[in-house]
Amino acid sequence: MQVNIRQIGNSQGVVIPKPVLAQLGLSSETGVAMTIEGDALVLRRPASPVRRGWAEAAQKIAQAGDDALVMGEFGNAADAELTW
């Protein structure tokens, strides 16, 4: 597919056709990761952030009352020697 480079303000850009975005699962909300590999400009879906969805999952567990400690409270033997 041949596309044109367009002037966008002080920069230049390429308009990615909607069907291509849909096929790759990209949108203006997701953004893209852009790299140069050899003589190619490569756009990829950004990597999922680490721990994505953990906060929501923790809230659901807490709301269900399933957030009790599994091992219970325990101290370290050397804690008495620490000064705070």
# chains A, B, ... in the order shown; residues from 1 in each chain; ligands from 1

call {"tool": "select_by_dssp", "arguments": {"residues": "segment 10-83 of chain A", "states": "helix (DSSP H, G or I)", "output": "PyMOL selection string"}}
result
chain A and resi 18-24+54-63+77-81

call {"tool": "write_last_selection", "arguments": {"atoms": "C-alpha atoms", "output": "tab-separated table (two decimals), in the first residue's frame"}}
result
chain	number	residue	atom	x	y	z
A	18	LYS	CA	-9.03	2.87	9.28
A	19	PRO	CA	-9.17	-0.77	8.03
A	20	VAL	CA	-5.44	-1.17	8.75
A	21	LEU	CA	-5.88	0.23	12.25
A	22	ALA	CA	-8.80	-2.12	12.87
A	23	GLN	CA	-6.87	-5.13	11.58
A	24	LEU	CA	-3.98	-4.37	13.94
A	54	TRP	CA	-4.19	-5.68	39.26
A	55	ALA	CA	-5.78	-2.73	41.09
A	56	GLU	CA	-9.26	-3.62	39.83
A	57	ALA	CA	-8.75	-7.29	40.68
A	58	ALA	CA	-7.61	-6.38	44.21
A	59	GLN	CA	-10.69	-4.22	44.70
A	60	LYS	CA	-12.97	-7.08	43.63
A	61	ILE	CA	-11.23	-9.46	46.03
A	62	ALA	CA	-11.58	-6.96	48.89
A	63	GLN	CA	-15.26	-6.35	48.10
A	77	ALA	CA	13.62	-12.83	64.53
A	78	ALA	CA	16.04	-9.93	63.98
A	79	ASP	CA	13.39	-7.19	64.24
A	80	ALA	CA	14.18	-6.51	67.92
A	81	GLU	CA	17.71	-5.47	66.94

call {"tool": "atom_distance", "arguments": {"atom1": "atom CA of Ser11 of chain A", "atom2": "atom CA of Gly25 of chain A"}}
result
25.2 Å

call {"tool": "select_by_dssp", "arguments": {"residues": "chain A", "states": "strand (DSSP E or B)", "output": "list in words"}}
result
Ile5, Arg6, Gln7, Ile8, Ser11, Gln12, Gly13, Val14, Ala33, Met34, Thr35, Ile36, Glu37, Ala40, Leu41, Val42, Leu43 and Arg44 of chain A

call {"tool": "write_last_selection", "arguments": {"atoms": "N, CA and C atoms", "output": "JSON list (two decimals), in the first residue's frame"}}
result
[["chain", "number", "residue", "atom", "x", "y", "z"],
["A", 5, "ILE", "N", 3.15, 11.21, 2.44],
["A", 5, "ILE", "CA", 3.57, 11.91, 3.64],
["A", 5, "ILE", "C", 2.97, 13.30, 3.57],
["A", 6, "ARG", "N", 2.28, 13.70, 4.65],
["A", 6, "ARG", "CA", 1.57, 14.97, 4.66],
["A", 6, "ARG", "C", 2.18, 15.93, 5.67],
["A", 7, "GLN", "N", 2.04, 17.21, 5.39],
["A", 7, "GLN", "CA", 2.46, 18.24, 6.33],
["A", 7, "GLN", "C", 1.42, 18.33, 7.43],
["A", 8, "ILE", "N", 1.88, 18.25, 8.70],
["A", 8, "ILE", "CA", 0.98, 18.38, 9.85],
["A", 8, "ILE", "C", 1.65, 19.37, 10.80],
["A", 11, "SER", "N", 5.48, 19.39, 11.54],
["A", 11, "SER", "CA", 5.95, 18.02, 11.34],
["A", 11, "SER", "C", 5.36, 17.45, 10.06],
["A", 12, "GLN", "N", 5.68, 16.22, 9.81],
["A", 12, "GLN", "CA", 5.09, 15.50, 8.69],
["A", 12, "GLN", "C", 4.58, 14.17, 9.22],
["A", 13, "GLY", "N", 3.55, 13.64, 8.56],
["A", 13, "GLY", "CA", 2.98, 12.40, 9.05],
["A", 13, "GLY", "C", 2.34, 11.59, 7.94],
["A", 14, "VAL", "N", 1.99, 10.38, 8.31],
["A", 14, "VAL", "CA", 1.32, 9.45, 7.41],
["A", 14, "VAL", "C", -0.04, 9.13, 8.01],
["A", 33, "ALA", "N", 3.92, 1.89, 19.48],
["A", 33, "ALA", "CA", 5.35, 1.94, 19.76],
["A", 33, "ALA", "C", 6.04, 2.04, 18.41],
["A", 34, "MET", "N", 6.89, 3.04, 18.23],
["A", 34, "MET", "CA", 7.53, 3.27, 16.94],
["A", 34, "MET", "C", 9.03, 3.01, 17.06],
["A", 35, "THR", "N", 9.57, 2.20, 16.15],
["A", 35, "THR", "CA", 11.00, 1.93, 16.11],
["A", 35, "THR", "C", 11.48, 1.98, 14.68],
["A", 36, "ILE", "N", 12.78, 2.11, 14.53],
["A", 36, "ILE", "CA", 13.40, 2.03, 13.21],
["A", 36, "ILE", "C", 14.20, 0.73, 13.19],
["A", 37, "GLU", "N", 13.91, -0.11, 12.24],
["A", 37, "GLU", "CA", 14.61, -1.39, 12.09],
["A", 37, "GLU", "C", 15.20, -1.44, 10.69],
["A", 40, "ALA", "N", 13.49, 0.47, 7.81],
["A", 40, "ALA", "CA", 12.03, 0.45, 7.93],
["A", 40, "ALA", "C", 11.57, 1.16, 9.20],
["A", 41, "LEU", "N", 10.49, 1.90, 9.08],
["A", 41, "LEU", "CA", 9.81, 2.49, 10.22],
["A", 41, "LEU", "C", 8.76, 1.48, 10.64],
["A", 42, "VAL", "N", 8.82, 1.01, 11.89],
["A", 42, "VAL", "CA", 7.93, -0.05, 12.35],
["A", 42, "VAL", "C", 7.03, 0.48, 13.45],
["A", 43, "LEU", "N", 5.72, 0.28, 13.29],
["A", 43, "LEU", "CA", 4.74, 0.64, 14.31],
["A", 43, "LEU", "C", 4.16, -0.65, 14.89],
["A", 44, "ARG", "N", 4.13, -0.75, 16.22],
["A", 44, "ARG", "CA", 3.59, -1.93, 16.89],
["A", 44, "ARG", "C", 2.65, -1.50, 18.00]]

call {"tool": "atom_distance", "arguments": {"atom1": "atom CA of Pro46 of chain A", "atom2": "atom CA of Gly31 of chain A"}}
result
7.0 Å

call {"tool": "decode", "arguments": {"residues": "segment 17-75 of chain A", "atoms": "C-alpha atoms", "output": "PDB file, in the first residue's frame"}}
result
ATOM      1  CA  PRO A  17      -6.269   3.912   6.867  1.00  0.00           C
ATOM      2  CA  LYS A  18      -9.028   2.869   9.276  1.00  0.00           C
ATOM      3  CA  PRO A  19      -9.167  -0.772   8.029  1.00  0.00           C
ATOM      4  CA  VAL A  20      -5.437  -1.167   8.746  1.00  0.00           C
ATOM      5  CA  LEU A  21      -5.879   0.233  12.253  1.00  0.00           C
ATOM      6  CA  ALA A  22      -8.797  -2.115  12.871  1.00  0.00           C
ATOM      7  CA  GLN A  23      -6.871  -5.128  11.583  1.00  0.00           C
ATOM      8  CA  LEU A  24      -3.980  -4.373  13.945  1.00  0.00           C
ATOM      9  CA  GLY A  25      -6.157  -3.391  16.905  1.00  0.00           C
ATOM     10  CA  LEU A  26      -4.734   0.128  17.052  1.00  0.00           C
ATOM     11  CA  SER A  27      -6.510   3.360  17.881  1.00  0.00           C
ATOM     12  CA  SER A  28      -5.793   6.889  19.017  1.00  0.00           C
ATOM     13  CA  GLU A  29      -6.381   5.685  22.598  1.00  0.00           C
ATOM     14  CA  THR A  30      -3.839   2.841  22.461  1.00  0.00           C
ATOM     15  CA  GLY A  31      -1.156   4.715  20.562  1.00  0.00           C
ATOM     16  CA  VAL A  32       1.755   2.820  19.014  1.00  0.00           C
ATOM     17  CA  ALA A  33       5.351   1.944  19.760  1.00  0.00           C
ATOM     18  CA  MET A  34       7.534   3.269  16.938  1.00  0.00           C
ATOM     19  CA  THR A  35      10.999   1.925  16.114  1.00  0.00           C
ATOM     20  CA  ILE A  36      13.399   2.026  13.209  1.00  0.00           C
ATOM     21  CA  GLU A  37      14.614  -1.392  12.094  1.00  0.00           C
ATOM     22  CA  GLY A  38      17.166  -1.214   9.336  1.00  0.00           C
ATOM     23  CA  ASP A  39      15.600   0.989   6.687  1.00  0.00           C
ATOM     24  CA  ALA A  40      12.027   0.445   7.931  1.00  0.00           C
ATOM     25  CA  LEU A  41       9.810   2.493  10.218  1.00  0.00           C
ATOM     26  CA  VAL A  42       7.931  -0.052  12.346  1.00  0.00           C
ATOM     27  CA  LEU A  43       4.736   0.639  14.308  1.00  0.00           C
ATOM     28  CA  ARG A  44       3.592  -1.935  16.892  1.00  0.00           C
ATOM     29  CA  ARG A  45       0.918  -2.176  19.537  1.00  0.00           C
ATOM     30  CA  PRO A  46       2.422  -0.869  22.763  1.00  0.00           C
ATOM     31  CA  ALA A  47       3.359  -3.522  25.305  1.00  0.00           C
ATOM     32  CA  SER A  48       0.786  -4.025  28.007  1.00  0.00           C
ATOM     33  CA  PRO A  49       1.790  -2.229  31.174  1.00  0.00           C
ATOM     34  CA  VAL A  50       3.103  -4.509  33.893  1.00  0.00           C
ATOM     35  CA  ARG A  51       0.440  -5.364  36.467  1.00  0.00           C
ATOM     36  CA  ARG A  52      -2.339  -4.128  34.204  1.00  0.00           C
ATOM     37  CA  GLY A  53      -5.697  -4.753  35.887  1.00  0.00           C
ATOM     38  CA  TRP A  54      -4.190  -5.678  39.260  1.00  0.00           C
ATOM     39  CA  ALA A  55      -5.785  -2.729  41.095  1.00  0.00           C
ATOM     40  CA  GLU A  56      -9.259  -3.616  39.832  1.00  0.00           C
ATOM     41  CA  ALA A  57      -8.751  -7.292  40.684  1.00  0.00           C
ATOM     42  CA  ALA A  58      -7.608  -6.382  44.211  1.00  0.00           C
ATOM     43  CA  GLN A  59     -10.693  -4.216  44.701  1.00  0.00           C
ATOM     44  CA  LYS A  60     -12.970  -7.077  43.627  1.00  0.00           C
ATOM     45  CA  ILE A  61     -11.233  -9.462  46.030  1.00  0.00           C
ATOM     46  CA  ALA A  62     -11.584  -6.961  48.891  1.00  0.00           C
ATOM     47  CA  GLN A  63     -15.264  -6.345  48.097  1.00  0.00           C
ATOM     48  CA  ALA A  64     -15.872 -10.101  48.141  1.00  0.00           C
ATOM     49  CA  GLY A  65     -14.223 -10.283  51.591  1.00  0.00           C
ATOM     50  CA  ASP A  66     -11.638 -12.747  50.310  1.00  0.00           C
ATOM     51  CA  ASP A  67      -8.582 -10.713  51.295  1.00  0.00           C
ATOM     52  CA  ALA A  68      -7.653 -12.338  54.617  1.00  0.00           C
ATOM     53  CA  LEU A  69      -3.982 -13.097  55.239  1.00  0.00           C
ATOM     54  CA  VAL A  70      -3.119 -16.630  54.181  1.00  0.00           C
ATOM     55  CA  MET A  71      -0.058 -17.084  56.404  1.00  0.00           C
ATOM     56  CA  GLY A  72      -1.106 -14.793  59.254  1.00  0.00           C
ATOM     57  CA  GLU A  73       1.114 -12.204  60.915  1.00  0.00           C
ATOM     58  CA  PHE A  74       4.688 -13.113  61.746  1.00  0.00           C
ATOM     59  CA  GLY A  75       7.707 -11.094  62.724  1.00  0.00           C
TER      60      GLY A  75
END
